[in-house]
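*Asks:* This one is target38.cif, mmCIF, C-alpha atoms.
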data_my_file
#
loop_
_atom_site.group_PDB
_atom_site.id
_atom_site.type_symbol
_atom_site.label_atom_id
_atom_site.label_comp_id
_atom_site.auth_asym_id
_atom_site.auth_seq_id
_atom_site.Cartn_x
_atom_site.Cartn_y
_atom_site.Cartn_z
ATOM 1 C CA MET A 1 -5.871 5.721 -3.767
ATOM 2 C CA GLU A 2 -6.255 6.457 -7.484
ATOM 3 C CA GLU A 3 -4.437 9.779 -7.036
ATOM 4 C CA LYS A 4 -1.509 7.996 -5.376
ATOM 5 C CA ASP A 5 -1.464 5.358 -8.132
ATOM 6 C CA GLY A 6 -1.482 8.122 -10.758
ATOM 7 C CA LYS A 7 1.454 9.793 -9.040
ATOM 8 C CA ILE A 8 3.316 6.476 -8.909
ATOM 9 C CA LEU A 9 2.748 5.912 -12.631
ATOM 10 C CA CYS A 10 4.033 9.422 -13.417
ATOM 11 C CA LEU A 11 7.108 8.798 -11.261
ATOM 12 C CA LEU A 12 7.736 5.455 -12.948
ATOM 13 C CA ARG A 13 7.755 7.038 -16.384
ATOM 14 C CA ARG A 14 10.443 9.415 -15.141
ATOM 15 C CA ILE A 15 12.315 6.599 -13.394
ATOM 16 C CA LYS A 16 12.441 4.596 -16.630
ATOM 17 C CA GLU A 17 14.326 7.597 -18.036
ATOM 18 C CA LYS A 18 16.806 7.201 -15.102
ATOM 19 C CA ASP A 19 15.501 10.241 -13.202
ATOM 20 C CA GLU A 20 17.045 9.764 -9.732
ATOM 21 C CA THR A 21 14.910 12.517 -8.180
ATOM 22 C CA ALA A 22 11.768 10.662 -9.254
ATOM 23 C CA PHE A 23 13.204 7.440 -7.836
ATOM 24 C CA LYS A 24 13.844 9.112 -4.462
ATOM 25 C CA GLU A 25 10.249 10.364 -4.396
ATOM 26 C CA PHE A 26 9.014 6.876 -5.347
ATOM 27 C CA PHE A 27 11.150 5.428 -2.540
ATOM 28 C CA TYR A 28 9.764 7.811 0.094
ATOM 29 C CA LEU A 29 6.224 7.155 -1.091
ATOM 30 C CA LEU A 30 6.392 3.351 -0.949
ATOM 31 C CA GLN A 31 9.189 2.641 1.547
ATOM 32 C CA PRO A 32 6.879 2.482 4.601
ATOM 33 C CA SER A 33 4.621 -0.119 2.967
ATOM 34 C CA VAL A 34 7.533 -2.237 1.791
ATOM 35 C CA PHE A 35 9.195 -2.044 5.217
ATOM 36 C CA HIS A 36 5.995 -3.065 7.063
ATOM 37 C CA PHE A 37 5.454 -5.933 4.641
ATOM 38 C CA LEU A 38 9.018 -7.174 5.135
ATOM 39 C CA TYR A 39 8.842 -6.745 8.911
ATOM 40 C CA ARG A 40 5.643 -8.790 9.075
ATOM 41 C CA PHE A 41 7.266 -11.433 6.918
ATOM 42 C CA THR A 42 10.613 -11.600 8.767
ATOM 43 C CA SER A 43 9.748 -10.397 12.311
ATOM 44 C CA ASP A 44 13.153 -8.708 12.309
ATOM 45 C CA ILE A 45 13.441 -4.891 12.189
ATOM 46 C CA SER A 46 17.066 -4.836 11.096
ATOM 47 C CA ALA A 47 16.480 -7.422 8.384
ATOM 48 C CA ALA A 48 13.349 -5.589 7.216
ATOM 49 C CA GLU A 49 15.326 -2.342 6.920
ATOM 50 C CA ASP A 50 18.104 -4.046 4.937
ATOM 51 C CA LEU A 51 15.670 -5.947 2.744
ATOM 52 C CA THR A 52 13.705 -2.756 2.064
ATOM 53 C CA GLN A 53 16.853 -1.098 0.737
ATOM 54 C CA ASP A 54 17.712 -4.203 -1.267
ATOM 55 C CA THR A 55 14.193 -4.228 -2.729
ATOM 56 C CA PHE A 56 14.489 -0.687 -4.048
ATOM 57 C CA ILE A 57 18.021 -1.273 -5.320
ATOM 58 C CA LYS A 58 16.855 -4.326 -7.287
ATOM 59 C CA PHE A 59 13.866 -2.359 -8.537
ATOM 60 C CA TRP A 60 16.180 0.414 -9.805
ATOM 61 C CA GLU A 61 18.584 -2.082 -11.367
ATOM 62 C CA ASN A 62 15.741 -3.808 -13.219
ATOM 63 C CA ILE A 63 13.705 -0.747 -14.177
ATOM 64 C CA ASP A 64 14.295 -1.425 -17.871
ATOM 65 C CA ASN A 65 12.358 -4.688 -17.483
ATOM 66 C CA LEU A 66 9.326 -2.984 -15.905
ATOM 67 C CA ASP A 67 6.164 -3.049 -17.999
ATOM 68 C CA LEU A 68 4.188 0.075 -17.042
ATOM 69 C CA SER A 69 0.933 -1.582 -18.146
ATOM 70 C CA LEU A 70 1.303 -4.051 -15.253
ATOM 71 C CA SER A 71 1.091 -3.112 -11.573
ATOM 72 C CA PRO A 72 4.428 -1.566 -10.547
ATOM 73 C CA LYS A 73 3.508 -2.030 -6.878
ATOM 74 C CA SER A 74 3.021 -5.747 -7.491
ATOM 75 C CA TYR A 75 6.425 -5.867 -9.183
ATOM 76 C CA LEU A 76 8.017 -4.070 -6.226
ATOM 77 C CA PHE A 77 6.359 -6.375 -3.699
ATOM 78 C CA ARG A 78 7.322 -9.448 -5.729
ATOM 79 C CA ILE A 79 10.957 -8.362 -5.386
ATOM 80 C CA ALA A 80 10.432 -7.825 -1.644
ATOM 81 C CA LYS A 81 8.732 -11.217 -1.306
ATOM 82 C CA ASN A 82 11.577 -13.028 -3.047
ATOM 83 C CA LEU A 83 14.192 -11.304 -0.898
ATOM 84 C CA ALA A 84 12.197 -12.106 2.254
ATOM 85 C CA ILE A 85 11.833 -15.760 1.295
ATOM 86 C CA ASN A 86 15.585 -15.993 0.722
ATOM 87 C CA PHE A 87 16.229 -14.327 4.080
ATOM 88 C CA VAL A 88 13.802 -16.546 6.008
ATOM 89 C CA SER A 89 15.137 -19.717 4.403
ATOM 90 C CA ARG A 90 18.703 -18.823 5.507
ATOM 91 C CA LYS A 91 17.733 -17.611 8.993
ATOM 92 C CA PRO A 92 18.397 -19.973 11.913
ATOM 93 C CA PRO A 93 15.425 -20.870 14.159
ATOM 94 C CA VAL A 94 14.378 -18.157 16.610
ATOM 95 C CA ASP A 95 15.472 -18.644 20.206
ATOM 96 C CA LEU A 96 12.460 -18.308 22.523
ATOM 97 C CA ILE A 97 14.557 -16.587 25.192
ATOM 98 C CA ASP A 98 15.287 -13.738 22.797
ATOM 99 C CA GLU A 99 11.567 -13.348 22.071
ATOM 100 C CA ASN A 100 10.754 -13.226 25.798
ATOM 101 C CA GLU A 101 13.565 -10.755 26.451
ATOM 102 C CA THR A 102 12.119 -8.543 23.730
ATOM 103 C CA ILE A 103 8.701 -8.551 25.404
ATOM 104 C CA ILE A 104 10.252 -7.772 28.789
ATOM 105 C CA ASN A 105 12.261 -4.902 27.285
ATOM 106 C CA ILE A 106 9.156 -3.461 25.641
ATOM 107 C CA ILE A 107 7.161 -3.671 28.855
ATOM 108 C CA SER A 108 9.915 -2.194 31.012
ATOM 109 C CA LYS A 109 10.338 0.781 28.672
ATOM 110 C CA ASP A 110 6.699 1.801 29.046
ATOM 111 C CA ARG A 111 4.996 0.715 32.246
ATOM 112 C CA MET A 112 1.644 1.870 30.880
ATOM 113 C CA ILE A 113 1.545 -0.886 28.254
ATOM 114 C CA ASN A 114 -1.107 -3.461 28.956
ATOM 115 C CA PHE A 115 0.697 -6.789 29.349
ATOM 116 C CA ASP A 116 -2.246 -8.704 27.853
ATOM 117 C CA SER A 117 -2.143 -6.671 24.653
ATOM 118 C CA VAL A 118 1.625 -7.177 24.325
ATOM 119 C CA PHE A 119 1.208 -10.897 24.933
ATOM 120 C CA LEU A 120 -1.666 -11.163 22.441
ATOM 121 C CA ASN A 121 0.266 -9.214 19.799
ATOM 122 C CA ASP A 122 3.255 -11.489 20.335
ATOM 123 C CA GLU A 123 1.063 -14.586 20.095
ATOM 124 C CA TYR A 124 -0.592 -13.148 16.985
ATOM 125 C CA GLN A 125 2.797 -12.551 15.349
ATOM 126 C CA LYS A 126 3.942 -16.042 16.306
ATOM 127 C CA ALA A 127 0.746 -17.510 14.854
ATOM 128 C CA ILE A 128 1.249 -15.586 11.603
ATOM 129 C CA ASN A 129 4.846 -16.818 11.433
ATOM 130 C CA THR A 130 3.669 -20.442 11.679
ATOM 131 C CA LEU A 131 1.503 -20.121 8.571
ATOM 132 C CA PRO A 132 2.758 -21.922 5.485
ATOM 133 C CA GLU A 133 4.812 -19.548 3.325
ATOM 134 C CA ARG A 134 2.203 -18.844 0.646
ATOM 135 C CA CYS A 135 -0.619 -18.467 3.221
ATOM 136 C CA ARG A 136 1.482 -16.030 5.239
ATOM 137 C CA LEU A 137 2.367 -14.001 2.189
ATOM 138 C CA VAL A 138 -1.229 -13.767 0.966
ATOM 139 C CA PHE A 139 -2.449 -12.922 4.482
ATOM 140 C CA ILE A 140 0.139 -10.167 4.971
ATOM 141 C CA LEU A 141 -0.470 -8.621 1.559
ATOM 142 C CA SER A 142 -4.219 -8.600 2.153
ATOM 143 C CA ARG A 143 -4.530 -7.661 5.819
ATOM 144 C CA PHE A 144 -1.482 -5.479 6.396
ATOM 145 C CA GLU A 145 -0.632 -4.035 3.008
ATOM 146 C CA GLY A 146 -4.179 -3.465 1.763
ATOM 147 C CA PHE A 147 -3.888 -5.298 -1.550
ATOM 148 C CA ASP A 148 -7.104 -6.737 -2.920
ATOM 149 C CA TYR A 149 -7.248 -10.361 -4.008
ATOM 150 C CA SER A 150 -6.842 -9.598 -7.717
ATOM 151 C CA GLU A 151 -3.696 -7.507 -7.042
ATOM 152 C CA ILE A 152 -2.272 -10.311 -4.924
ATOM 153 C CA ALA A 153 -3.027 -12.855 -7.641
ATOM 154 C CA ALA A 154 -1.304 -10.691 -10.265
ATOM 155 C CA GLY A 155 1.689 -9.885 -8.068
ATOM 156 C CA LEU A 156 2.298 -13.473 -7.013
ATOM 157 C CA GLU A 157 1.380 -14.865 -10.418
ATOM 158 C CA ILE A 158 -1.262 -17.216 -9.005
ATOM 159 C CA SER A 159 -4.974 -17.565 -9.697
ATOM 160 C CA LEU A 160 -7.620 -15.532 -7.895
ATOM 161 C CA GLN A 161 -9.085 -18.784 -6.564
ATOM 162 C CA THR A 162 -5.705 -19.746 -5.115
ATOM 163 C CA VAL A 163 -5.564 -16.402 -3.279
ATOM 164 C CA LYS A 164 -9.050 -17.012 -1.845
ATOM 165 C CA ASN A 165 -8.131 -20.555 -0.815
ATOM 166 C CA GLN A 166 -4.903 -19.390 0.845
ATOM 167 C CA MET A 167 -6.740 -16.642 2.771
ATOM 168 C CA ASN A 168 -9.368 -19.118 3.986
ATOM 169 C CA LYS A 169 -6.609 -21.503 5.059
ATOM 170 C CA ALA A 170 -4.698 -18.711 6.843
ATOM 171 C CA LEU A 171 -7.781 -17.474 8.687
ATOM 172 C CA SER A 172 -8.721 -20.999 9.730
ATOM 173 C CA ILE A 173 -5.225 -21.707 11.073
ATOM 174 C CA LEU A 174 -5.086 -18.372 12.926
ATOM 175 C CA ARG A 175 -8.520 -18.904 14.506
ATOM 176 C CA LYS A 176 -7.427 -22.312 15.823
ATOM 177 C CA LYS A 177 -4.048 -21.098 17.098
ATOM 178 C CA LEU A 178 -5.427 -17.988 18.781
ATOM 179 C CA ALA A 179 -8.707 -19.469 20.104
ATOM 180 C CA SER A 180 -7.280 -20.175 23.549
ATOM 181 C CA HIS A 181 -5.890 -16.613 23.840
ATOM 182 C CA LEU A 182 -9.129 -14.924 22.819
ATOM 183 C CA ASN A 183 -11.300 -16.587 25.486
#
Please, can you express the file's structure as structure tokens?

*Replies:*
Amino acid sequence: MEEKDGKILCLLRRIKEKDETAFKEFFYLLQPSVFHFLYRFTSDISAAEDLTQDTFIKFWENIDNLDLSLSPKSYLFRIAKNLAINFVSRKPPVDLIDENETIINIISKDRMINFDSVFLNDEYQKAINTLPERCRLVFILSRFEGFDYSEIAAGLEISLQTVKNQMNKALSILRKKLASHLN
């Protein structure tokens, strides 16, 4: 991890000098993580792809404001978080028929998929989507993006204790919502 962080820091120094080649390398290095974060947050592949591009565009446009002594990954994910929040707040409620059609399409494409695992994954995603915004964000950054609590606190500009409280709240809510599906 330290080697990757060192590479990112080296790339960022070059990016601050408007080196587009370094920016492309930075993009290819972090794009998968940003995309997965945005997909978990939005539950929409197309939106996650668009928001990922928007995240890197905003990052490039604001590179002069980046303080290299702070976590550049946190800065990048803060941009992604803000774009995702804007997207989710403008998005109309999800139609349950579309969700069911998606599950049926997935199952019909690969008959070897275990229906229970698809159902549980869908229920898990639905449960995550019902979490309050800050809980969901903290949960996703911790469990899916691999950030530790101190990185999350710095990136979201909240206290370490708030991160811990939000994780406890998220885990409690998820346990309750998924209890019936795990028995």

*Asks:* List as a compact mmCIF listing (two decimals) with C-alpha atoms, in the coordinates of the input the protein and nucleic acid residues near region 143-155 of chain A, meaning an atom at most 10 Å away when all atoms listed in the file are counted, but skip any in the same chain fewer than 2 places from it.

*Replies:*
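Resulting contents of result.txt:
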# COMPACT_ATOMS: atom_id res chain seq x y z
CA SER A 33 4.62 -0.12 2.97
CA VAL A 34 7.53 -2.24 1.79
CA HIS A 36 6.00 -3.06 7.06
CA PHE A 37 5.45 -5.93 4.64
CA ARG A 40 5.64 -8.79 9.07
CA LEU A 70 1.30 -4.05 -15.25
CA SER A 71 1.09 -3.11 -11.57
CA PRO A 72 4.43 -1.57 -10.55
CA LYS A 73 3.51 -2.03 -6.88
CA SER A 74 3.02 -5.75 -7.49
CA TYR A 75 6.42 -5.87 -9.18
CA LEU A 76 8.02 -4.07 -6.23
CA PHE A 77 6.36 -6.38 -3.70
CA ARG A 78 7.32 -9.45 -5.73
CA ILE A 79 10.96 -8.36 -5.39
CA LYS A 81 8.73 -11.22 -1.31
CA LEU A 137 2.37 -14.00 2.19
CA VAL A 138 -1.23 -13.77 0.97
CA PHE A 139 -2.45 -12.92 4.48
CA ILE A 140 0.14 -10.17 4.97
CA LEU A 141 -0.47 -8.62 1.56
CA GLU A 157 1.38 -14.86 -10.42
CA ILE A 158 -1.26 -17.22 -9.01
CA SER A 159 -4.97 -17.57 -9.70
CA LEU A 160 -7.62 -15.53 -7.90
CA GLN A 161 -9.09 -18.78 -6.56
CA THR A 162 -5.70 -19.75 -5.12
CA VAL A 163 -5.56 -16.40 -3.28
CA LYS A 164 -9.05 -17.01 -1.84
CA MET A 167 -6.74 -16.64 2.77

*Asks:* What separation in Å, quoted to one decimal, exists between CA of Gln166 (chain A) and CA of Ala84 (chain A)?

*Replies:*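 CA of Gln166 (chain A) sits 18.6 Å away from CA of Ala84 (chain A).
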
*Asks:* To one decimal place, how far is CA of Phe26 (chain A) from CA of Ala48 (chain A) in Å?

*Replies:*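 Here the two named atoms are 18.2 Å from each other.
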
*Asks:* Applying 8 Å and only C-alpha atoms, which residues near region 12-22 of chain A remain after dropping the ones on its own chain fewer than 3 positions away? List them as a VMD selection string.

*Replies:* chain A and resid 8 to 9 25 to 26 63 to 64 68

*Asks:* Quick one: residues within 9 Å of Asp54 (chain A), only C-alpha atoms counted, chain neighbours fewer than 4 positions away excluded, as a PDB file with C-alpha atoms, keeping the file's coordinate frame?

*Replies:*
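The new file part.pdb reads:
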ATOM      1  CA  GLU A  49      15.326  -2.342   6.920  1.00  0.00           C
ATOM      2  CA  ASP A  50      18.104  -4.046   4.937  1.00  0.00           C
ATOM      3  CA  LYS A  58      16.855  -4.326  -7.287  1.00  0.00           C
ATOM      4  CA  PHE A  59      13.866  -2.359  -8.537  1.00  0.00           C
ATOM      5  CA  ILE A  79      10.957  -8.362  -5.386  1.00  0.00           C
ATOM      6  CA  ALA A  80      10.432  -7.825  -1.644  1.00  0.00           C
ATOM      7  CA  LEU A  83      14.192 -11.304  -0.898  1.00  0.00           C
TER       8      LEU A  83
END
